[in-house]
$ cat target25.txt   # compact mmCIF, C-alpha atoms
# COMPACT_ATOMS: atom_id res chain seq x y z
CA MET A 1 23.20 -4.84 29.30
CA GLU A 2 24.17 -1.79 27.24
CA ILE A 3 22.06 -3.02 24.32
CA VAL A 4 19.01 -3.42 26.58
CA LEU A 5 19.55 0.04 28.08
CA PHE A 6 19.90 1.75 24.70
CA GLY A 7 16.91 -0.20 23.42
CA LEU A 8 14.76 1.08 26.27
CA ILE A 9 15.96 4.64 25.68
CA PHE A 10 15.11 4.52 21.97
CA LEU A 11 11.74 2.94 22.77
CA LEU A 12 11.04 5.78 25.18
CA PHE A 13 11.96 8.34 22.53
CA ALA A 14 9.59 6.63 20.08
CA LEU A 15 6.73 6.70 22.58
CA PHE A 16 7.24 10.43 23.04
CA GLY A 17 6.88 11.00 19.30
CA THR A 18 10.49 11.22 18.15
CA PRO A 19 10.55 10.87 14.31
CA LEU A 20 11.38 7.37 13.17
CA PHE A 21 14.27 8.48 10.95
CA VAL A 22 15.97 10.08 13.97
CA ILE A 23 15.75 6.84 15.95
CA ILE A 24 16.93 4.68 13.03
CA GLY A 25 19.77 7.08 12.24
CA ALA A 26 20.85 7.21 15.89
CA ILE A 27 20.86 3.41 16.13
CA ALA A 28 22.93 3.20 12.94
CA LEU A 29 25.48 5.79 14.12
CA LEU A 30 25.77 4.18 17.55
CA SER A 31 26.15 0.71 16.04
CA PHE A 32 28.92 1.83 13.69
CA TYR A 33 30.64 3.64 16.57
CA GLN A 34 30.52 0.55 18.77
CA ALA A 35 31.95 -1.55 15.91
CA ASP A 36 34.68 1.07 15.29
CA ILE A 37 33.46 1.64 11.71
CA ASP A 38 33.51 5.10 10.16
CA SER A 39 30.05 6.70 10.08
CA SER A 40 30.59 7.66 6.43
CA ALA A 41 29.04 4.24 5.68
CA ILE A 42 25.64 5.89 6.12
CA ILE A 43 26.51 8.63 3.62
CA ILE A 44 27.66 5.96 1.17
CA SER A 45 24.23 4.33 1.51
CA LEU A 46 22.55 7.66 0.74
CA TYR A 47 24.76 8.08 -2.32
CA ARG A 48 23.88 4.59 -3.52
CA LEU A 49 20.21 5.36 -3.00
CA ALA A 50 20.47 8.57 -5.02
CA ASN A 51 21.86 6.59 -7.95
CA ALA A 52 18.95 4.12 -8.04
CA PRO A 53 17.23 4.61 -11.45
CA ALA A 54 13.74 3.82 -10.13
CA LEU A 55 14.01 6.33 -7.28
CA LEU A 56 12.45 9.11 -9.38
CA ALA A 57 9.22 7.12 -9.61
CA ILE A 58 8.47 7.74 -5.93
CA PRO A 59 8.11 11.57 -5.98
CA LEU A 60 6.44 11.57 -9.40
CA PHE A 61 3.75 9.00 -8.56
CA THR A 62 3.22 10.64 -5.16
CA PHE A 63 2.69 14.05 -6.78
CA ALA A 64 0.25 12.57 -9.30
CA GLY A 65 -1.68 10.89 -6.51
CA TYR A 66 -1.99 14.13 -4.55
CA ILE A 67 -3.14 15.97 -7.67
CA LEU A 68 -5.92 13.42 -8.22
CA SER A 69 -6.99 13.40 -4.57
CA GLU A 70 -7.23 17.21 -4.41
CA SER A 71 -9.29 17.48 -7.60
CA LYS A 72 -12.85 16.32 -8.25
CA ALA A 73 -11.55 13.04 -9.68
CA PRO A 74 -12.74 10.98 -6.64
CA GLN A 75 -16.34 12.11 -7.18
CA ARG A 76 -16.19 11.37 -10.91
CA LEU A 77 -14.63 7.96 -10.22
CA VAL A 78 -17.42 7.07 -7.78
CA ASN A 79 -20.07 8.17 -10.30
CA LEU A 80 -18.56 5.95 -13.01
CA SER A 81 -18.28 2.95 -10.69
CA HIS A 82 -21.90 3.45 -9.62
CA ALA A 83 -23.06 3.56 -13.23
CA LEU A 84 -21.19 0.32 -13.98
CA PHE A 85 -21.97 -1.73 -10.85
CA GLY A 86 -24.91 -0.02 -9.13
CA TRP A 87 -27.47 -2.42 -10.71
CA MET A 88 -25.92 -5.47 -9.01
CA PRO A 89 -26.98 -6.77 -5.59
CA GLY A 90 -24.59 -5.00 -3.24
CA GLY A 91 -23.72 -2.75 -6.17
CA LEU A 92 -22.84 0.39 -4.22
CA ALA A 93 -20.61 -1.63 -1.89
CA ILE A 94 -18.77 -3.01 -4.94
CA VAL A 95 -18.50 0.57 -6.20
CA ALA A 96 -16.81 1.49 -2.93
CA LEU A 97 -14.41 -1.46 -3.17
CA VAL A 98 -13.37 -0.74 -6.75
CA SER A 99 -13.10 3.02 -6.23
CA CYS A 100 -10.98 2.67 -3.09
CA ALA A 101 -8.70 0.05 -4.64
CA ILE A 102 -8.02 2.15 -7.76
CA PHE A 103 -7.55 5.31 -5.76
CA THR A 104 -5.07 3.69 -3.35
CA ALA A 105 -3.11 2.25 -6.27
CA PHE A 106 -2.42 5.79 -7.48
CA THR A 107 -2.05 7.59 -4.15
CA GLY A 108 -0.04 4.80 -2.49
CA ALA A 109 -1.67 5.35 0.91
CA SER A 110 -4.91 3.79 2.08
CA GLY A 111 -5.30 6.43 4.79
CA VAL A 112 -5.53 9.10 2.10
CA THR A 113 -8.23 7.02 0.40
CA ILE A 114 -10.33 6.89 3.58
CA ILE A 115 -10.11 10.65 3.92
CA ALA A 116 -10.70 11.44 0.23
CA LEU A 117 -13.49 8.94 -0.55
CA GLY A 118 -14.96 8.22 2.86
CA GLY A 119 -16.97 11.43 3.01
CA LEU A 120 -18.48 10.64 -0.40
CA LEU A 121 -19.22 6.96 0.09
CA LEU A 122 -20.36 6.58 3.71
CA PRO A 123 -23.49 8.78 3.39
CA SER A 124 -24.35 7.03 0.12
CA LEU A 125 -24.02 3.56 1.66
CA LEU A 126 -26.14 4.52 4.67
CA SER A 127 -28.81 6.17 2.52
CA ASP A 128 -29.02 2.96 0.44
CA GLN A 129 -29.83 1.09 3.68
CA TYR A 130 -26.52 -0.73 4.11
CA PRO A 131 -25.88 -1.55 7.81
CA GLU A 132 -23.68 1.05 9.47
CA ASN A 133 -21.11 -1.44 10.79
CA PHE A 134 -20.80 -3.02 7.35
CA SER A 135 -20.33 0.39 5.71
CA LEU A 136 -17.68 1.47 8.22
CA GLY A 137 -15.78 -1.81 7.96
CA LEU A 138 -15.92 -1.73 4.17
CA LEU A 139 -14.43 1.75 3.87
CA THR A 140 -11.84 1.07 6.56
CA SER A 141 -10.57 -2.12 4.92
CA SER A 142 -11.01 -1.68 1.17
CA GLY A 143 -8.32 0.97 0.67
CA ASN A 144 -5.65 -1.62 1.47
CA LEU A 145 -6.44 -3.56 -1.73
CA GLY A 146 -4.84 -0.96 -3.96
CA MET A 147 -1.40 -1.63 -2.49
CA LEU A 148 -1.11 -4.72 -4.69
CA PHE A 149 -2.12 -3.00 -7.94
CA PRO A 150 0.28 -0.96 -10.11
CA PRO A 151 1.50 1.71 -9.88
CA SER A 152 1.36 1.27 -6.08
CA LEU A 153 4.11 3.19 -4.29
CA PRO A 154 4.74 0.40 -1.73
CA ILE A 155 5.46 -2.01 -4.61
CA ILE A 156 8.03 0.38 -6.06
CA LEU A 157 9.67 0.91 -2.67
CA TYR A 158 9.76 -2.82 -1.96
CA GLY A 159 11.43 -3.45 -5.32
CA LEU A 160 14.07 -0.83 -4.55
CA VAL A 161 14.85 -2.17 -1.08
CA ALA A 162 14.76 -5.87 -2.00
CA GLN A 163 16.51 -5.25 -5.34
CA ILE A 164 13.78 -7.04 -7.31
CA SER A 165 12.36 -6.05 -10.69
CA ILE A 166 9.47 -3.66 -10.11
CA ASP A 167 7.87 -4.85 -13.36
CA LYS A 168 7.74 -8.40 -11.97
CA LEU A 169 6.16 -7.16 -8.75
CA PHE A 170 3.56 -5.21 -10.74
CA PHE A 171 2.59 -8.41 -12.60
CA ALA A 172 2.67 -10.51 -9.44
CA GLY A 173 0.27 -8.29 -7.51
CA VAL A 174 -2.60 -8.35 -10.02
CA ILE A 175 -4.14 -11.78 -9.29
CA PRO A 176 -3.73 -11.61 -5.48
CA GLY A 177 -5.27 -8.13 -5.52
CA MET A 178 -8.17 -9.37 -7.66
CA LEU A 179 -8.64 -12.33 -5.30
CA MET A 180 -9.04 -10.00 -2.32
CA LEU A 181 -11.38 -7.78 -4.31
CA ILE A 182 -13.57 -10.69 -5.44
CA LEU A 183 -13.87 -12.20 -1.95
CA LEU A 184 -14.88 -8.86 -0.44
CA ALA A 185 -17.29 -8.22 -3.34
CA THR A 186 -18.92 -11.62 -2.74
CA TYR A 187 -19.43 -10.75 0.92
CA SER A 188 -20.86 -7.37 -0.11
CA VAL A 189 -23.39 -9.07 -2.40
CA PHE A 190 -24.40 -11.36 0.48
CA ILE A 191 -24.92 -8.39 2.83
CA GLY A 192 -26.77 -6.45 0.13
CA LYS A 193 -29.23 -9.32 -0.37
CA ARG A 194 -29.68 -9.97 3.35
CA ALA A 195 -30.32 -6.29 4.09
CA GLU A 196 -32.61 -6.09 1.05
CA VAL A 197 -30.72 -3.11 -0.29
CA PRO A 198 -32.51 -1.76 -3.38
CA ALA A 199 -30.44 -1.97 -6.56
CA THR A 200 -30.14 1.00 -8.90
CA PRO A 201 -31.53 0.14 -12.35
CA PHE A 202 -28.88 0.15 -15.04
CA SER A 203 -29.05 3.19 -17.29
CA TRP A 204 -27.12 3.65 -20.50
CA GLY A 205 -27.70 7.38 -20.17
CA ARG A 206 -26.12 7.48 -16.71
CA LEU A 207 -23.18 5.40 -17.91
CA LYS A 208 -22.71 7.66 -20.94
CA THR A 209 -22.73 10.75 -18.69
CA ALA A 210 -20.25 9.18 -16.24
CA LEU A 211 -17.92 8.15 -19.08
CA LYS A 212 -18.08 11.65 -20.52
CA GLU A 213 -17.19 13.14 -17.11
CA THR A 214 -14.25 10.76 -16.68
CA ARG A 215 -13.06 10.74 -20.29
CA TRP A 216 -9.76 12.27 -19.20
CA GLU A 217 -9.16 10.13 -16.07
CA VAL A 218 -10.17 6.72 -17.47
CA PRO A 219 -7.28 6.50 -19.99
CA LEU A 220 -4.66 7.15 -17.27
CA PRO A 221 -4.43 3.64 -15.72
CA ILE A 222 -4.69 2.10 -19.18
CA LEU A 223 -1.86 4.31 -20.42
CA VAL A 224 0.39 3.63 -17.44
CA ILE A 225 -0.22 -0.09 -16.97
CA GLY A 226 -0.42 -0.84 -20.68
CA GLY A 227 2.76 1.13 -21.35
CA ILE A 228 4.74 -0.68 -18.64
CA TYR A 229 3.46 -4.15 -19.47
CA GLY A 230 3.76 -3.52 -23.21
CA GLY A 231 7.40 -2.55 -22.81
CA PHE A 232 6.89 0.95 -24.24
CA PHE A 233 8.40 2.70 -21.23
CA THR A 234 9.97 1.98 -17.84
CA VAL A 235 8.42 2.53 -14.42
CA THR A 236 10.25 5.85 -14.04
CA GLU A 237 9.06 7.05 -17.45
CA ALA A 238 5.53 5.93 -16.55
CA ALA A 239 5.73 7.98 -13.37
CA ALA A 240 6.78 11.08 -15.31
CA ILE A 241 3.96 10.59 -17.84
CA THR A 242 1.44 10.10 -15.01
CA ALA A 243 2.53 13.26 -13.20
CA VAL A 244 2.44 15.46 -16.31
CA TYR A 245 -0.84 13.96 -17.50
CA ALA A 246 -2.57 14.42 -14.12
CA LEU A 247 -1.26 17.98 -13.79
CA VAL A 248 -2.39 19.03 -17.28
CA VAL A 249 -5.80 17.35 -17.05
CA GLU A 250 -6.79 18.56 -13.58
CA SER A 251 -5.36 22.09 -13.74
CA VAL A 252 -5.50 23.06 -17.42
CA ILE A 253 -8.20 21.00 -19.14
CA LEU A 254 -10.75 20.38 -16.35
CA ARG A 255 -9.58 23.30 -14.19
CA ASP A 256 -10.40 21.59 -10.89
CA LEU A 257 -7.19 23.06 -9.53
CA HIS A 258 -5.74 26.55 -9.85
CA ILE A 259 -2.30 26.15 -11.37
CA PHE A 260 -0.76 29.06 -9.43
CA LYS A 261 -2.64 28.71 -6.13
CA ASP A 262 -3.35 24.99 -5.64
CA VAL A 263 -0.52 23.26 -7.49
CA PRO A 264 2.38 24.80 -5.49
CA ARG A 265 0.62 23.83 -2.25
CA ILE A 266 0.09 20.27 -3.51
CA MET A 267 3.73 20.06 -4.56
CA ARG A 268 4.82 21.11 -1.10
CA GLU A 269 2.51 18.67 0.70
CA SER A 270 3.37 15.72 -1.53
CA MET A 271 7.11 16.33 -1.29
CA LEU A 272 6.90 16.41 2.52
CA LEU A 273 5.76 12.79 2.35
CA VAL A 274 8.46 11.94 -0.19
CA GLY A 275 11.13 13.67 1.91
CA GLY A 276 10.11 11.68 4.95
CA ILE A 277 10.28 8.42 2.99
CA LEU A 278 13.71 9.22 1.54
CA VAL A 279 15.21 10.27 4.88
CA ILE A 280 13.93 7.10 6.54
CA LEU A 281 15.18 5.06 3.60
CA GLY A 282 18.66 6.59 3.76
CA CYS A 283 19.02 6.07 7.52
CA ALA A 284 17.61 2.56 7.31
CA LEU A 285 20.03 1.60 4.53
CA GLY A 286 22.89 2.73 6.74
CA LEU A 287 21.57 0.56 9.56
CA THR A 288 21.10 -2.32 7.12
CA ASN A 289 24.78 -2.09 6.15
CA TYR A 290 25.72 -2.53 9.80
CA LEU A 291 23.32 -5.45 10.25
CA ILE A 292 24.83 -7.19 7.23
CA ASP A 293 28.39 -6.52 8.44
CA ALA A 294 27.44 -7.91 11.86
CA GLU A 295 25.88 -10.96 10.15
CA ILE A 296 22.55 -10.35 11.89
CA PRO A 297 20.52 -11.97 9.05
CA MET A 298 22.70 -15.07 9.30
CA LYS A 299 22.14 -15.23 13.06
CA ILE A 300 18.39 -14.92 12.55
CA LEU A 301 18.62 -17.66 9.93
CA ALA A 302 20.53 -19.92 12.32
CA PHE A 303 17.91 -19.31 15.01
CA MET A 304 15.06 -20.02 12.60
CA GLN A 305 16.71 -23.20 11.32
CA GLN A 306 17.07 -24.41 14.89
CA TYR A 307 13.40 -23.97 15.80
CA VAL A 308 11.61 -23.89 12.43
CA THR A 309 12.11 -27.01 10.38
CA SER A 310 9.72 -26.51 7.47
CA LYS A 311 8.79 -23.90 4.91
CA ILE A 312 5.13 -24.02 6.01
CA TRP A 313 5.92 -23.16 9.63
CA PHE A 314 8.22 -20.37 8.52
CA LEU A 315 5.42 -18.86 6.44
CA VAL A 316 3.00 -19.13 9.39
CA MET A 317 5.46 -17.31 11.65
CA LEU A 318 6.19 -14.77 8.92
CA ASN A 319 2.49 -13.95 8.51
CA LEU A 320 1.98 -13.50 12.25
CA PHE A 321 5.09 -11.34 12.52
CA LEU A 322 4.18 -9.13 9.57
CA LEU A 323 0.60 -8.62 10.79
CA VAL A 324 2.02 -7.27 14.05
CA VAL A 325 4.51 -5.10 12.16
CA GLY A 326 1.67 -3.80 9.94
CA CYS A 327 -0.26 -2.76 13.05
CA MET A 328 2.65 -0.98 14.68
CA ILE A 329 4.59 0.65 11.83
CA ASP A 330 3.59 2.45 8.63
CA ILE A 331 4.16 0.42 5.48
CA PHE A 332 7.04 2.54 4.14
CA SER A 333 9.06 2.24 7.35
CA ALA A 334 8.25 -1.45 7.64
CA ILE A 335 9.49 -2.14 4.11
CA ILE A 336 12.71 -0.25 4.69
CA VAL A 337 13.51 -1.75 8.11
CA VAL A 338 12.19 -5.32 7.91
CA VAL A 339 12.75 -6.40 4.29
CA PRO A 340 16.58 -6.62 4.46
CA LEU A 341 16.26 -8.91 7.49
CA ILE A 342 13.53 -11.16 6.11
CA VAL A 343 14.66 -11.68 2.51
CA PRO A 344 17.84 -13.76 3.21
CA VAL A 345 15.95 -15.99 5.65
CA ALA A 346 13.05 -16.51 3.24
CA LEU A 347 15.39 -17.37 0.38
CA SER A 348 17.00 -20.06 2.54
CA PHE A 349 13.59 -21.73 2.82
CA GLY A 350 13.19 -21.67 -0.97
CA ILE A 351 10.59 -18.89 -1.14
CA ASP A 352 10.54 -17.02 -4.43
CA PRO A 353 11.57 -13.38 -3.83
CA VAL A 354 8.71 -12.00 -5.96
CA HIS A 355 6.16 -14.17 -4.12
CA LEU A 356 7.69 -13.00 -0.84
CA GLY A 357 7.12 -9.38 -1.88
CA ILE A 358 3.39 -9.98 -2.43
CA ILE A 359 3.10 -11.83 0.89
CA PHE A 360 4.87 -8.93 2.57
CA LEU A 361 2.66 -6.21 1.07
CA ALA A 362 -0.58 -8.16 1.60
CA ASN A 363 0.28 -8.70 5.27
CA LEU A 364 1.14 -5.08 5.91
CA GLY A 365 -2.02 -3.89 4.15
CA ILE A 366 -4.17 -6.13 6.36
CA GLY A 367 -2.22 -5.00 9.42
CA TYR A 368 -3.39 -1.43 8.75
CA SER A 369 -6.95 -2.52 9.68
CA THR A 370 -6.08 -5.01 12.43
CA PRO A 371 -7.15 -4.14 16.00
CA PRO A 372 -6.08 -2.78 18.36
CA VAL A 373 -3.60 -0.34 16.81
CA GLY A 374 -4.05 -0.59 13.02
CA ILE A 375 -3.57 2.98 11.77
CA ASN A 376 -6.57 2.91 9.40
CA LEU A 377 -8.90 2.20 12.32
CA PHE A 378 -7.88 5.49 13.92
CA ILE A 379 -8.00 7.41 10.64
CA ALA A 380 -11.51 6.07 10.00
CA SER A 381 -12.56 6.87 13.56
CA PHE A 382 -11.45 10.47 13.04
CA ARG A 383 -12.92 10.78 9.53
CA PHE A 384 -16.31 9.23 10.30
CA GLU A 385 -16.55 10.60 13.86
CA ARG A 386 -17.19 7.18 15.39
CA PRO A 387 -15.57 5.59 18.48
CA VAL A 388 -12.55 3.52 17.54
CA VAL A 389 -14.02 0.52 19.40
CA LYS A 390 -16.94 0.60 16.96
CA LEU A 391 -14.44 0.47 14.11
CA TYR A 392 -12.83 -2.60 15.73
CA LEU A 393 -16.13 -4.48 15.59
CA ALA A 394 -16.94 -3.22 12.09
CA ALA A 395 -13.58 -4.35 10.68
CA ILE A 396 -13.67 -7.94 12.03
CA PRO A 397 -15.71 -9.61 9.20
CA PHE A 398 -13.56 -7.93 6.55
CA LEU A 399 -10.41 -8.85 8.45
CA LEU A 400 -11.43 -12.53 8.47
CA ILE A 401 -12.06 -12.48 4.72
CA LEU A 402 -8.73 -10.78 4.05
CA LEU A 403 -6.95 -13.35 6.25
CA ILE A 404 -8.50 -16.15 4.17
CA SER A 405 -7.21 -14.47 1.01
CA LEU A 406 -3.81 -14.00 2.67
CA ALA A 407 -3.62 -17.73 3.41
CA LEU A 408 -4.38 -18.52 -0.24
CA ILE A 409 -1.79 -15.99 -1.46
CA THR A 410 0.83 -17.34 0.94
CA TYR A 411 0.40 -21.07 0.33
CA ILE A 412 -0.44 -21.01 -3.38
CA PRO A 413 2.61 -19.29 -4.95
CA ASP A 414 1.18 -19.55 -8.47
CA LEU A 415 -1.38 -16.87 -7.60
CA SER A 416 1.54 -14.44 -7.53
CA LEU A 417 3.86 -16.08 -10.05
CA TRP A 418 1.54 -17.38 -12.79
CA LEU A 419 1.18 -14.03 -14.57
CA VAL A 420 4.90 -13.31 -14.14
CA ASN A 421 5.82 -16.65 -15.77
CA LEU A 422 3.15 -16.29 -18.45
CA THR A 423 4.60 -12.99 -19.65
CA GLY A 424 8.13 -14.33 -19.75
CA ASN A 425 9.26 -12.42 -16.66
CA SER A 426 10.12 -15.42 -14.58
CA PRO A 427 12.78 -14.73 -11.94
$ encode --input "target25.txt" --output "structure tokens"
Amino acid sequence: MEIVLFGLIFLLFALFGTPLFVIIGAIALLSFYQADIDSSAIIISLYRLANAPALLAIPLFTFAGYILSESKAPQRLVNLSHALFGWMPGGLAIVALVSCAIFTAFTGASGVTIIALGGLLLPSLLSDQYPENFSLGLLTSSGNLGMLFPPSLPIILYGLVAQISIDKLFFAGVIPGMLMLILLATYSVFIGKRAEVPATPFSWGRLKTALKETRWEVPLPILVIGGIYGGFFTVTEAAAITAVYALVVESVILRDLHIFKDVPRIMRESMLLVGGILVILGCALGLTNYLIDAEIPMKILAFMQQYVTSKIWFLVMLNLFLLVVGCMIDIFSAIIVVVPLIVPVALSFGIDPVHLGIIFLANLGIGYSTPPVGINLFIASFRFERPVVKLYLAAIPFLLILLISLALITYIPDLSLWLVNLTGNSP
């Protein structure tokens, strides 16, 4: 009865806007108190977190992402994508998909992508005669794709929480991310042909101009991804290189940002996000310690083994559960809170931990655009000044396509593991 009462109280606090880290921390402290365990266990978790070598990658990649989003890099990226793909049927829609995916990979947040690129791409899509619902659904859903591509912040955070090699997760996300991208691009081509959208003739001059404009941004993903995969530097070193490179290019070379006026503000804003993530992570790790001590994962496993008798049914239930979690909770909180509970159960069913990470991230990304409470639907409604119900209808075709890709990712493990095994990074 006490558990139910406290649960209702914490739920009420959450509904009134109490920060998530406060609720998680309070639950952890109360749980340790009830179990007569010293609350210093939470501080020990924070200390262990501070010693994690890959932790530095989070603030550095976040800062780099904010630098890029505040500069004119989004406009230059769109121009380059248009020059490369604008001649194809549905070319501008493919431009939007590729631009949003790349941008989310570096910013780590699809909501930021909607805000940064939405204002550039929506008028262009509408002026090229793409249907409004298609355009809205495309921009609402496509930002999620970047969560599976390196150097995605959710991948790094998942690796830290699940204690899995981040390099392996980077490799594992490439093919599933490309699968989602290709399926959505195919649908975009179909809509482009049906709506008789005029294609933009290919121009070497336009491509040359776009490449010249982006000559400083284009090498960045090649440098980071190639350096990590080539074994030249670690994820943390890649994050430091990315941050310094983005800062120098955008504030010193291209001068999109004023180094004394804009950069301090961007530092402050980006570190607010990082601070929130780290506080939630610290409190959640303390709660996780209690859950492990109380053998909660083992009790969940026993329950699952009683009612779920096959790996397939477990994966079905896992997908449904994670889609709901993705709707209700932001991806960083979901990773921190849910992963420690799910991983032991999944391992008991013989699911590869790297494959599980890709399933987890793909689910949560789709959940962001799933009605009725997917956060990206509300961000898009605010950004594009459209009723949220209209965004529900616009997102449905894209949601169905993403669910098909999710099924393939879930039930064909080699999509996630083939590249990992090929490069000699097998678990």
$ atom_distance --input "target25.txt" --atom1 "atom CA of Leu364 of chain A" --atom2 "atom CA of Asn319 of chain A"
9.3 Å
$ closest_residue --input "target25.txt" --among "A:Ile225, A:Ile358, A:Leu97, A:Ala64" --to "Val248 of chain A" --atoms "all atoms listed in the file"
A:Ala64
$ residues_around --input "target25.txt" --residues "segment 257-260 of chain A" --least-positions-apart "5" --cutoff "7 Å" --atoms "all atoms listed in the file" --output "ChimeraX atom specification"
/A:71,250-251
$ atom_distance --input "target25.txt" --atom1 "atom CA of Ser381 of chain A" --atom2 "atom CA of Ile182 of chain A"
25.9 Å
$ closest_residue --input "target25.txt" --among "A:Val98, A:Leu157, A:Val345, A:Ala243" --to "Phe303 of chain A" --atoms "all atoms listed in the file"
A:Val345
$ closest_atom_pairs --input "target25.txt" --of "segment 317-370 of chain A" --to "segment 397-418 of chain A" --cutoff "9 Å" --atoms "only C-alpha atoms" --output "tab-separated table"
residue	atom	partner	partner_atom	distance
A:Asn319	CA	A:Thr410	CA	8.5
A:Ile351	CA	A:Pro413	CA	8.9
A:Asp352	CA	A:Pro413	CA	8.3
A:Val354	CA	A:Leu417	CA	7.5
A:His355	CA	A:Ser416	CA	5.7
A:Leu356	CA	A:Thr410	CA	8.3
A:Ile358	CA	A:Ser416	CA	7.0
A:Ile359	CA	A:Thr410	CA	6.0
A:Ala362	CA	A:Leu406	CA	6.8
A:Asn363	CA	A:Leu406	CA	7.2
A:Ile366	CA	A:Leu402	CA	6.9
A:Ser369	CA	A:Leu399	CA	7.3
A:Thr370	CA	A:Leu399	CA	7.0
$ closest_residue --input "target25.txt" --among "A:Pro123, A:Ser142, A:Leu320, A:Val218" --to "Phe384 of chain A" --atoms "all atoms listed in the file"
A:Pro123
$ closest_residue --input "target25.txt" --among "A:Gly159, A:Cys100, A:Ile115, A:Leu68" --to "Gly357 of chain A" --atoms "only C-alpha atoms"
A:Gly159
$ residues_near_point --input "target25.txt" --point "(-27.0, -1.5, 9.4)" --cutoff "12 Å" --atoms "all atoms listed in the file" --output "JSON, numbers by chain"
{"A": [122, 125, 126, 127, 128, 129, 130, 131, 132, 133, 134, 135, 136, 137, 191, 192, 194, 195, 196, 197, 394]}
$ closest_residue --input "target25.txt" --among "A:Val252, A:Ile102, A:Ala172, A:Val95" --to "Pro221 of chain A" --atoms "all atoms listed in the file"
A:Ile102
$ closest_residue --input "target25.txt" --among "A:Phe349, A:Thr236, A:Pro150, A:Tyr33" --to "Ile222 of chain A" --atoms "all atoms listed in the file"
A:Pro150
$ atom_distance --input "target25.txt" --atom1 "atom CA of Lys311 of chain A" --atom2 "atom CA of Gly350 of chain A"
7.7 Å
$ residues_near_point --input "target25.txt" --point "(-7.8, -1.3, -0.2)" --cutoff "7 Å" --atoms "only C-alpha atoms" --output "CSV table (one decimal) with C-alpha atoms, keeping the file's coordinate frame"
chain,number,residue,atom,x,y,z
A,100,CYS,CA,-11.0,2.7,-3.1
A,101,ALA,CA,-8.7,0.0,-4.6
A,104,THR,CA,-5.1,3.7,-3.4
A,110,SER,CA,-4.9,3.8,2.1
A,141,SER,CA,-10.6,-2.1,4.9
A,142,SER,CA,-11.0,-1.7,1.2
A,143,GLY,CA,-8.3,1.0,0.7
A,144,ASN,CA,-5.6,-1.6,1.5
A,145,LEU,CA,-6.4,-3.6,-1.7
A,146,GLY,CA,-4.8,-1.0,-4.0
A,147,MET,CA,-1.4,-1.6,-2.5
